[in-house]
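Okay, input13.txt now, which holds compact mmCIF, C-alpha atoms and all ligand atoms:
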```txt
# COMPACT_ATOMS: atom_id res chain seq x y z
CA SER A 1 -82.69 -79.99 -61.81
CA ILE A 2 -80.09 -81.24 -64.24
CA PRO A 3 -77.74 -83.98 -63.06
CA LEU A 4 -74.16 -82.74 -62.86
CA GLY A 5 -73.10 -85.16 -65.58
CA TYR A 6 -75.07 -83.20 -68.12
CA TYR A 7 -72.89 -80.12 -67.62
CA GLY A 8 -69.89 -82.28 -68.50
CA GLY A 9 -71.77 -83.60 -71.52
CA ILE A 10 -72.76 -80.15 -72.72
CA GLY A 11 -69.14 -79.04 -72.36
CA ALA A 12 -67.81 -82.04 -74.27
CA ALA A 13 -70.39 -81.48 -77.00
CA SER A 14 -69.52 -77.81 -77.24
CA ARG A 15 -65.84 -78.70 -77.73
CA ALA A 16 -66.98 -80.89 -80.63
CA GLY A 17 -68.88 -77.96 -82.16
CA ILE A 18 -72.29 -79.17 -80.97
CA LEU A 19 -74.37 -76.71 -78.96
CA PHE A 20 -77.00 -78.24 -76.68
CA LYS A 21 -79.61 -75.80 -75.39
CA GLY A 22 -80.30 -77.94 -72.32
CA GLY A 23 -79.44 -81.18 -70.58
CA ASN A 24 -82.87 -82.60 -71.39
CA TYR A 25 -81.92 -82.72 -75.08
CA LEU A 26 -78.68 -84.53 -74.27
CA ASN A 27 -80.91 -87.14 -72.66
CA ALA A 28 -83.56 -87.18 -75.43
CA ILE A 29 -81.01 -87.66 -78.20
CA THR A 30 -79.94 -90.99 -76.67
CA LYS A 31 -83.51 -92.29 -77.10
CA LEU A 32 -84.27 -91.50 -80.73
CA ASP A 33 -86.83 -93.76 -82.41
CA SER A 34 -86.77 -91.89 -85.72
CA ILE A 35 -84.70 -89.24 -87.39
CA ALA A 36 -85.60 -87.17 -90.44
CA PHE A 37 -83.10 -85.20 -92.46
CA ASP A 38 -83.68 -82.27 -94.76
CA LYS A 39 -81.73 -82.74 -97.99
CA THR A 40 -80.51 -79.41 -99.33
CA GLY A 41 -77.90 -77.77 -97.14
CA THR A 42 -78.14 -80.54 -94.55
CA LEU A 43 -76.88 -83.67 -96.29
CA THR A 44 -75.81 -81.83 -99.43
CA THR A 45 -73.57 -78.77 -99.37
CA GLY A 46 -76.31 -76.45 -100.62
CA GLN A 47 -73.67 -74.87 -102.82
CA PHE A 48 -75.34 -75.37 -106.15
CA GLU A 49 -73.61 -74.82 -109.44
CA VAL A 50 -75.36 -73.95 -112.65
CA ALA A 51 -74.87 -76.85 -115.06
CA SER A 52 -76.90 -75.64 -118.04
CA VAL A 53 -79.37 -73.04 -119.24
CA GLN A 54 -82.05 -73.37 -121.90
CA ALA A 55 -84.10 -70.44 -123.15
CA ALA A 56 -87.41 -71.10 -124.88
CA THR A 57 -88.65 -67.72 -126.01
CA LEU A 58 -85.79 -65.22 -125.60
CA LYS A 59 -82.02 -65.06 -125.88
CA LYS A 60 -80.19 -66.96 -123.17
CA GLU A 61 -78.61 -63.76 -121.79
CA GLU A 62 -81.99 -62.07 -121.56
CA LEU A 63 -83.51 -65.08 -119.78
CA LEU A 64 -80.61 -65.05 -117.29
CA ALA A 65 -81.05 -61.31 -116.72
CA ILE A 66 -84.70 -61.87 -115.84
CA ILE A 67 -84.06 -64.91 -113.63
CA GLY A 68 -81.12 -63.14 -111.95
CA THR A 69 -83.28 -60.10 -111.29
CA ALA A 70 -86.09 -62.17 -109.80
CA GLU A 71 -83.65 -64.02 -107.53
CA GLN A 72 -81.53 -61.02 -106.51
CA LYS A 73 -83.04 -60.63 -103.05
CA SER A 74 -83.56 -64.30 -102.20
CA THR A 75 -81.22 -66.00 -99.73
CA HIS A 76 -82.22 -69.49 -100.88
CA PRO A 77 -79.12 -71.54 -101.86
CA ILE A 78 -80.53 -71.95 -105.38
CA ALA A 79 -80.95 -68.19 -105.71
CA GLN A 80 -77.40 -67.60 -104.45
CA ALA A 81 -75.99 -69.95 -107.09
CA ILE A 82 -77.97 -68.23 -109.83
CA GLN A 83 -76.86 -64.76 -108.67
CA GLN A 84 -73.23 -65.87 -108.71
CA TYR A 85 -73.56 -67.39 -112.18
CA VAL A 86 -75.26 -64.32 -113.63
CA ARG A 87 -72.56 -62.05 -112.14
CA GLY A 88 -69.89 -64.32 -113.61
CA GLN A 89 -71.46 -63.91 -117.06
CA HIS A 90 -71.39 -60.09 -116.64
CA ILE A 91 -75.10 -59.86 -117.36
CA SER A 92 -76.71 -56.68 -116.06
CA LEU A 93 -79.92 -56.94 -114.10
CA HIS A 94 -83.23 -55.17 -114.56
CA SER A 95 -85.06 -53.33 -111.86
CA ALA A 96 -87.89 -55.26 -110.29
CA LEU A 97 -91.07 -54.44 -108.43
CA SER A 98 -92.51 -56.24 -105.42
CA MET A 99 -90.30 -59.31 -105.24
CA GLN A 100 -92.05 -61.99 -103.24
CA GLU A 101 -90.64 -65.25 -101.96
CA ILE A 102 -93.06 -68.17 -102.07
CA ALA A 103 -91.70 -70.72 -99.55
CA GLY A 104 -91.20 -74.16 -101.08
CA TYR A 105 -91.83 -72.84 -104.58
CA GLY A 106 -89.65 -69.90 -105.62
CA VAL A 107 -90.12 -66.19 -106.25
CA GLU A 108 -92.54 -63.88 -108.04
CA THR A 109 -91.86 -60.37 -109.27
CA ILE A 110 -92.73 -57.75 -111.85
CA ILE A 111 -90.11 -56.77 -114.42
CA ASP A 112 -90.91 -54.16 -117.09
CA GLY A 113 -94.59 -54.52 -116.28
CA LYS A 114 -94.51 -58.28 -116.82
CA ASN A 115 -95.30 -60.91 -114.22
CA VAL A 116 -92.26 -63.14 -113.65
CA LEU A 117 -92.25 -66.48 -111.84
CA VAL A 118 -88.97 -68.26 -111.04
CA GLY A 119 -88.93 -71.50 -109.09
CA ASN A 120 -89.60 -75.19 -109.31
CA PRO A 121 -91.91 -76.69 -111.94
CA ARG A 122 -94.56 -77.06 -109.23
CA LEU A 123 -94.79 -73.26 -109.05
CA LEU A 124 -95.53 -72.93 -112.77
CA LEU A 125 -97.95 -75.85 -112.75
CA MET A 126 -99.81 -74.27 -109.83
CA ARG A 127 -100.21 -71.14 -111.97
CA LYS A 128 -101.47 -73.19 -114.92
CA THR A 129 -98.35 -72.67 -117.01
CA VAL A 130 -97.37 -75.61 -119.20
CA VAL A 131 -93.83 -76.90 -118.55
CA PRO A 132 -92.21 -79.08 -121.26
CA SER A 133 -92.20 -82.74 -120.20
CA LYS A 134 -88.45 -82.99 -120.88
CA VAL A 135 -87.92 -80.40 -118.15
CA LEU A 136 -90.27 -82.19 -115.73
CA GLU A 137 -88.46 -85.50 -116.19
CA SER A 138 -84.87 -84.29 -115.71
CA GLU A 139 -82.91 -85.96 -112.89
CA MET A 140 -81.30 -82.69 -111.72
CA THR A 141 -82.53 -79.78 -109.68
CA VAL A 142 -84.24 -77.46 -112.15
CA VAL A 143 -85.45 -73.89 -111.90
CA VAL A 144 -88.00 -72.75 -114.45
CA CYS A 145 -89.17 -69.30 -115.46
CA ALA A 146 -92.51 -68.03 -116.72
CA ILE A 147 -93.13 -64.55 -118.13
CA ASP A 148 -96.75 -63.42 -118.15
CA GLY A 149 -97.86 -67.02 -117.77
CA VAL A 150 -95.76 -68.42 -120.62
CA TYR A 151 -92.86 -70.85 -120.04
CA ALA A 152 -89.62 -68.99 -120.89
CA GLY A 153 -86.81 -71.42 -120.04
CA ALA A 154 -84.94 -73.40 -117.42
CA VAL A 155 -81.71 -73.52 -115.44
CA TRP A 156 -80.30 -76.86 -114.25
CA LEU A 157 -78.24 -76.94 -111.08
CA ALA A 158 -76.12 -79.56 -109.35
CA ASP A 159 -75.41 -79.92 -105.67
CA LYS A 160 -72.95 -82.33 -104.01
CA LEU A 161 -73.27 -84.57 -100.98
CA LYS A 162 -71.36 -83.31 -97.97
CA GLU A 163 -68.10 -85.21 -97.46
CA ASP A 164 -69.33 -86.94 -94.32
CA ALA A 165 -72.94 -87.60 -95.43
CA VAL A 166 -72.54 -91.32 -96.15
CA GLN A 167 -70.65 -91.89 -92.91
CA ALA A 168 -73.21 -89.82 -90.98
CA ILE A 169 -76.03 -92.20 -91.91
CA ARG A 170 -73.93 -95.35 -91.51
CA HIS A 171 -72.85 -94.29 -88.01
CA LEU A 172 -76.46 -93.64 -86.93
CA LYS A 173 -77.41 -97.16 -87.98
CA GLU A 174 -74.47 -98.56 -86.02
CA LEU A 175 -75.77 -96.70 -82.98
CA GLY A 176 -79.15 -98.40 -83.46
CA VAL A 177 -81.04 -95.49 -85.03
CA LYS A 178 -82.39 -97.26 -88.08
CA ASP A 179 -85.65 -95.45 -88.84
CA ILE A 180 -84.15 -92.74 -91.03
CA HIS A 181 -86.10 -90.46 -93.40
CA LEU A 182 -85.05 -88.00 -96.08
CA LEU A 183 -87.43 -85.07 -96.58
CA SER A 184 -87.13 -82.45 -99.30
CA GLY A 185 -88.91 -79.87 -101.36
CA ASP A 186 -86.91 -81.09 -104.33
CA LYS A 187 -88.50 -83.53 -106.71
CA GLN A 188 -89.20 -87.12 -105.74
CA SER A 189 -86.95 -88.82 -108.32
CA LEU A 190 -83.94 -86.78 -107.20
CA VAL A 191 -84.68 -87.31 -103.50
CA GLU A 192 -84.90 -91.08 -104.12
CA LYS A 193 -81.55 -91.00 -105.92
CA VAL A 194 -79.87 -89.20 -103.01
CA ALA A 195 -81.50 -91.59 -100.51
CA ARG A 196 -80.12 -94.58 -102.45
CA GLU A 197 -76.63 -93.06 -102.41
CA LEU A 198 -76.85 -92.52 -98.65
CA GLU A 199 -78.69 -95.79 -97.92
CA ILE A 200 -81.56 -93.92 -96.29
CA PRO A 201 -84.59 -96.25 -96.29
CA GLN A 202 -87.35 -93.61 -96.61
CA ALA A 203 -87.38 -90.83 -99.21
CA HIS A 204 -90.03 -88.13 -99.58
CA GLY A 205 -89.79 -85.31 -102.10
CA ASP A 206 -92.10 -82.56 -103.39
CA LEU A 207 -92.78 -81.51 -99.80
CA LEU A 208 -93.78 -77.99 -98.85
CA PRO A 209 -92.44 -76.70 -95.52
CA GLU A 210 -95.83 -77.44 -93.91
CA ASP A 211 -95.78 -80.97 -95.35
CA LYS A 212 -92.52 -81.59 -93.50
CA ALA A 213 -94.21 -80.49 -90.29
CA THR A 214 -97.12 -82.86 -90.91
CA TYR A 215 -94.68 -85.68 -91.65
CA ILE A 216 -92.87 -85.14 -88.32
CA GLN A 217 -96.20 -85.00 -86.48
CA LYS A 218 -97.12 -88.37 -87.97
CA LEU A 219 -93.78 -89.87 -86.96
CA SER A 220 -94.24 -88.70 -83.38
CA PHE A 221 -97.92 -89.66 -83.24
CA HIS A 222 -97.31 -92.03 -80.38
CA ALA A 223 -96.41 -89.92 -77.35
CA THR A 224 -93.68 -92.35 -76.37
CA ARG A 225 -91.73 -91.89 -79.59
CA THR A 226 -88.76 -89.54 -79.77
CA VAL A 227 -88.27 -87.94 -83.15
CA ALA A 228 -85.43 -85.74 -84.33
CA PHE A 229 -85.37 -83.48 -87.36
CA VAL A 230 -82.11 -82.19 -88.82
CA GLY A 231 -82.36 -79.13 -91.07
CA ASP A 232 -80.35 -76.26 -92.46
CA GLY A 233 -82.93 -73.67 -91.61
CA MET A 234 -84.17 -72.60 -95.00
CA ASN A 235 -87.92 -72.66 -94.21
CA ASP A 236 -87.28 -75.32 -91.57
CA ALA A 237 -87.82 -73.33 -88.36
CA PRO A 238 -91.39 -74.58 -87.69
CA VAL A 239 -90.33 -78.20 -88.24
CA LEU A 240 -87.34 -77.81 -85.93
CA ALA A 241 -89.60 -76.40 -83.22
CA LEU A 242 -92.10 -79.22 -83.62
CA SER A 243 -89.75 -82.21 -83.32
CA ASN A 244 -88.66 -83.60 -79.94
CA VAL A 245 -85.07 -82.83 -80.84
CA GLY A 246 -84.65 -80.14 -83.49
CA ILE A 247 -81.12 -80.09 -84.85
CA ALA A 248 -79.95 -77.17 -86.99
CA MET A 249 -76.87 -76.62 -89.08
CA GLY A 250 -75.36 -73.51 -87.49
CA GLY A 251 -73.13 -72.26 -90.27
CA LEU A 252 -75.61 -72.19 -93.12
CA GLY A 253 -78.68 -71.97 -90.96
CA SER A 254 -80.89 -68.93 -90.68
CA ASP A 255 -81.23 -67.10 -87.36
CA ALA A 256 -84.82 -68.30 -87.09
CA ALA A 257 -83.68 -71.91 -87.39
CA ILE A 258 -80.92 -71.54 -84.82
CA GLU A 259 -83.47 -69.95 -82.51
CA SER A 260 -86.00 -72.78 -83.01
CA ALA A 261 -83.47 -75.59 -82.69
CA ASP A 262 -82.63 -77.57 -79.55
CA VAL A 263 -79.21 -78.55 -80.81
CA VAL A 264 -77.00 -76.54 -83.17
CA ILE A 265 -74.20 -78.16 -85.16
CA GLN A 266 -71.77 -75.30 -85.64
CA THR A 267 -69.57 -77.15 -88.12
CA ASP A 268 -72.49 -78.03 -90.45
CA GLN A 269 -71.40 -81.68 -90.47
CA PRO A 270 -74.27 -84.20 -90.40
CA SER A 271 -71.90 -86.77 -88.85
CA LYS A 272 -72.05 -84.70 -85.65
CA VAL A 273 -75.54 -86.07 -85.00
CA ALA A 274 -74.02 -89.47 -84.19
CA THR A 275 -71.28 -87.75 -82.18
CA ALA A 276 -74.00 -86.00 -80.17
CA ILE A 277 -75.70 -89.35 -79.44
CA GLU A 278 -72.39 -90.82 -78.30
CA ILE A 279 -71.71 -87.89 -75.99
CA GLY A 280 -75.26 -88.18 -74.61
CA ARG A 281 -74.75 -91.87 -73.89
CA ALA A 282 -71.36 -91.33 -72.27
CA THR A 283 -72.85 -88.58 -70.14
CA GLN A 284 -75.58 -90.88 -68.86
CA CYS A 285 -72.92 -93.41 -67.83
CA ILE A 286 -71.38 -90.67 -65.64
CA VAL A 287 -74.80 -89.80 -64.14
CA TRP A 288 -75.54 -93.37 -63.24
P1 LIG A 301 -85.35 -78.34 -99.45
O1 LIG A 301 -86.45 -79.13 -98.82
O2 LIG A 301 -84.77 -79.05 -100.62
O3 LIG A 301 -84.30 -77.91 -98.46
P2 LIG A 301 -86.91 -75.78 -99.62
O4 LIG A 301 -88.08 -76.16 -98.80
O5 LIG A 301 -86.04 -74.68 -99.14
O6 LIG A 301 -85.99 -77.02 -100.08
O7 LIG A 301 -87.41 -75.40 -101.07
C1 LIG A 301 -88.12 -76.35 -101.81
C2 LIG A 301 -87.96 -76.12 -103.27
O8 LIG A 301 -88.53 -74.86 -103.62
C3 LIG A 301 -86.53 -76.06 -103.73
O9 LIG A 301 -86.02 -77.35 -104.01
C4 LIG A 301 -86.67 -75.23 -104.99
O10 LIG A 301 -87.06 -76.06 -106.06
C5 LIG A 301 -87.81 -74.28 -104.69
N1 LIG A 301 -87.37 -72.94 -104.29
C6 LIG A 301 -87.51 -72.36 -103.08
N2 LIG A 301 -87.02 -71.10 -103.08
C7 LIG A 301 -86.52 -70.89 -104.33
C8 LIG A 301 -85.87 -69.78 -104.98
N3 LIG A 301 -85.61 -68.64 -104.36
N4 LIG A 301 -85.53 -69.95 -106.28
C9 LIG A 301 -85.78 -71.10 -106.93
N5 LIG A 301 -86.37 -72.16 -106.37
C10 LIG A 301 -86.75 -72.07 -105.10
MG MG A 302 -83.30 -76.97 -96.91
```
Could you quickly redo this structure as structure tokens?
Ligand code: ADP
Ligand code: MG
Amino acid sequence: SIPLGYYGGIGAASRAGILFKGGNYLNAITKLDSIAFDKTGTLTTGQFEVASVQAATLKKEELLAIIGTAEQKSTHPIAQAIQQYVRGQHISLHSALSMQEIAGYGVETIIDGKNVLVGNPRLLLMRKTVVPSKVLESEMTVVVCAIDGVYAGAVWLADKLKEDAVQAIRHLKELGVKDIHLLSGDKQSLVEKVARELEIPQAHGDLLPEDKATYIQKLSFHATRTVAFVGDGMNDAPVLALSNVGIAMGGLGSDAAIESADVVIQTDQPSKVATAIEIGRATQCIVW
């Protein structure tokens, strides 16, 4: 049975826009040994903007038509930004066959009988397509395109930190949660840059969704450790389910993520993680 104090705690949390799915999580969150954050959509807004486009083999407009077509059914924040940009340029799309999302990589489709890959450089490298080294080394999020196995161009996108991201991490440290990790499918150099800006001690990029799960399993290897994962839900549902306290961003998050999470932050603010810990601690004072 749940001590009465927990009902008060759950109510207080809910008024702060934090939904606890049970009193046990209100208790667990006060005992965190480690916390891992997803980057895109969790600590950054996930609202990417296209910064530049470079076409290798075709006209820029034609490249954008192909990339826009490939991304038209994807709900990934990168895809959404590309769709918006292509619409803004009044570029008309092609019709596509068999669009397939490849989690952690990008999308694959067939346009005018040609195989089209759109995603991160890892996707093209996996398919043995050469990506120019200048593209591989860029410090921004980059989406590349291959047509019938040949590199066709790239789109660079920028994302911003959420307003409260710096404070969110600082506050956790003040509360004694110092083992903080940043996990992302984005490239390592960019993930390290974001971690430096946020003063997060551990940064891991180039992770597939299953790599994030393995990472969390390693963190919680000792049964006595309590590990939280905070994600926005894009491919994160399994990781949320696996951590002791799975925390999802409710606004941006997918239904699957909200379902798998133990705690849902309805306002999408990462600083609410510290608020949740404070409410948990205050609640325990009432219980005792
Ligand atoms: P993150 O860990 O940054 O939240 P995801 O696991 O959702 O990211 O995706 C990892 C990477 O896969 C993204 O950074 C992006 O490079 C690539 N990716 C995934 N889906 C798409 C897509 N629809 N279009 C382009 N790139 C994608
Ligand atoms: Mg994400």
Ligand LIG 301 (chain A): which residues are within 7 Å, counting all atoms listed in the file, as a VMD selection string? chain A and resid 38 to 41 71 74 to 76 78 to 79 101 to 107 118 to 120 141 to 143 183 to 186 207 to 209 234 to 235
Between CA of Lys173 (chain A) and CA of Thr226 (chain A), what distance in Å does the model show, to one decimal?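 CA of Lys173 (chain A) sits 15.9 Å away from CA of Thr226 (chain A).
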Find the residues near Asp268 (chain A): any atom within 8 Å, counting all atoms listed in the file, skip ones fewer than 6 places away on the same chain, and give them as an mmCIF file with C-alpha atoms, keeping the file's coordinate frame.
```
data_model
loop_
_atom_site.group_PDB
_atom_site.id
_atom_site.type_symbol
_atom_site.label_atom_id
_atom_site.label_comp_id
_atom_site.auth_asym_id
_atom_site.auth_seq_id
_atom_site.Cartn_x
_atom_site.Cartn_y
_atom_site.Cartn_z
ATOM 1 C CA THR A 42 -78.140 -80.540 -94.550
ATOM 2 C CA MET A 249 -76.870 -76.620 -89.080
ATOM 3 C CA GLY A 250 -75.360 -73.510 -87.490
ATOM 4 C CA GLY A 251 -73.130 -72.260 -90.270
ATOM 5 C CA LEU A 252 -75.610 -72.190 -93.120
#
```
Please return, as an MDAnalysis selection string, all polymer residues that have at least one atom within 9 Å of the point (-75.4, -94.7, -83.1); use only C-alpha atoms and the file's own coordinate frame. chainID A and resid 30 170:178 273:275 277:278
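Put simply, CA of Ala158 (chain A) is 20.7 Å away from CA of Ile66 (chain A).
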From the set A:Leu43, A:Ile82, A:Ala223, A:Ala55, which residue has the shortest atom-to-atom contact distance to ligand MG 302 (chain A), counting only C-alpha atoms and all ligand atoms? A:Leu43
Atomic separation - CA of Ala168 (chain A) relative to CA of Glu199 (chain A), Å: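 Calculated distance between CA of Glu199 (chain A) and CA of Ala168 (chain A) is 10.7 Å.
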Could I see region 206-231 of chain A restored to N, CA and C atoms, set down as a compact mmCIF listing (two decimals), in the frame of the given file?
```
# COMPACT_ATOMS: atom_id res chain seq x y z
N ASP A 206 -90.96 -83.42 -103.07
CA ASP A 206 -92.10 -82.56 -103.39
C ASP A 206 -92.84 -82.10 -102.14
N LEU A 207 -92.13 -81.92 -101.05
CA LEU A 207 -92.78 -81.51 -99.80
C LEU A 207 -92.68 -80.00 -99.62
N LEU A 208 -93.79 -79.39 -99.26
CA LEU A 208 -93.78 -77.99 -98.85
C LEU A 208 -93.33 -77.94 -97.40
N PRO A 209 -92.86 -76.77 -96.93
CA PRO A 209 -92.44 -76.70 -95.52
C PRO A 209 -93.51 -77.24 -94.57
N GLU A 210 -94.78 -76.95 -94.82
CA GLU A 210 -95.83 -77.44 -93.91
C GLU A 210 -96.02 -78.96 -94.03
N ASP A 211 -95.70 -79.51 -95.20
CA ASP A 211 -95.78 -80.97 -95.35
C ASP A 211 -94.72 -81.66 -94.49
N LYS A 212 -93.57 -81.02 -94.35
CA LYS A 212 -92.52 -81.59 -93.50
C LYS A 212 -93.00 -81.61 -92.06
N ALA A 213 -93.67 -80.56 -91.66
CA ALA A 213 -94.21 -80.49 -90.29
C ALA A 213 -95.23 -81.61 -90.06
N THR A 214 -96.12 -81.80 -91.02
CA THR A 214 -97.12 -82.86 -90.91
C THR A 214 -96.45 -84.23 -90.82
N TYR A 215 -95.41 -84.41 -91.62
CA TYR A 215 -94.68 -85.68 -91.65
C TYR A 215 -94.09 -85.97 -90.27
N ILE A 216 -93.47 -84.97 -89.65
CA ILE A 216 -92.87 -85.14 -88.32
C ILE A 216 -93.97 -85.43 -87.29
N GLN A 217 -95.09 -84.74 -87.42
CA GLN A 217 -96.20 -85.00 -86.48
C GLN A 217 -96.68 -86.44 -86.57
N LYS A 218 -96.70 -86.98 -87.80
CA LYS A 218 -97.12 -88.37 -87.97
C LYS A 218 -96.11 -89.32 -87.34
N LEU A 219 -94.82 -89.02 -87.53
CA LEU A 219 -93.78 -89.87 -86.96
C LEU A 219 -93.86 -89.90 -85.43
N SER A 220 -94.22 -88.77 -84.85
CA SER A 220 -94.24 -88.70 -83.38
C SER A 220 -95.66 -88.86 -82.83
N PHE A 221 -96.51 -89.51 -83.63
CA PHE A 221 -97.92 -89.66 -83.24
C PHE A 221 -98.06 -90.34 -81.89
N HIS A 222 -97.26 -91.37 -81.68
CA HIS A 222 -97.31 -92.03 -80.38
C HIS A 222 -96.46 -91.23 -79.40
N ALA A 223 -97.05 -90.84 -78.30
CA ALA A 223 -96.41 -89.92 -77.35
C ALA A 223 -95.08 -90.45 -76.84
N THR A 224 -94.90 -91.77 -76.91
CA THR A 224 -93.68 -92.35 -76.37
C THR A 224 -92.51 -92.31 -77.36
N ARG A 225 -92.80 -91.90 -78.59
CA ARG A 225 -91.73 -91.89 -79.59
C ARG A 225 -90.93 -90.60 -79.54
N THR A 226 -89.63 -90.72 -79.73
CA THR A 226 -88.76 -89.54 -79.77
C THR A 226 -88.27 -89.36 -81.20
N VAL A 227 -88.57 -88.20 -81.75
CA VAL A 227 -88.27 -87.94 -83.15
C VAL A 227 -87.37 -86.71 -83.28
N ALA A 228 -86.32 -86.88 -84.07
CA ALA A 228 -85.43 -85.74 -84.33
C ALA A 228 -85.56 -85.31 -85.78
N PHE A 229 -85.42 -84.01 -86.00
CA PHE A 229 -85.37 -83.48 -87.36
C PHE A 229 -84.07 -82.69 -87.50
N VAL A 230 -83.36 -82.91 -88.59
CA VAL A 230 -82.11 -82.19 -88.82
C VAL A 230 -82.29 -81.33 -90.07
N GLY A 231 -82.14 -80.02 -89.92
CA GLY A 231 -82.36 -79.13 -91.07
C GLY A 231 -81.34 -78.01 -91.13
```
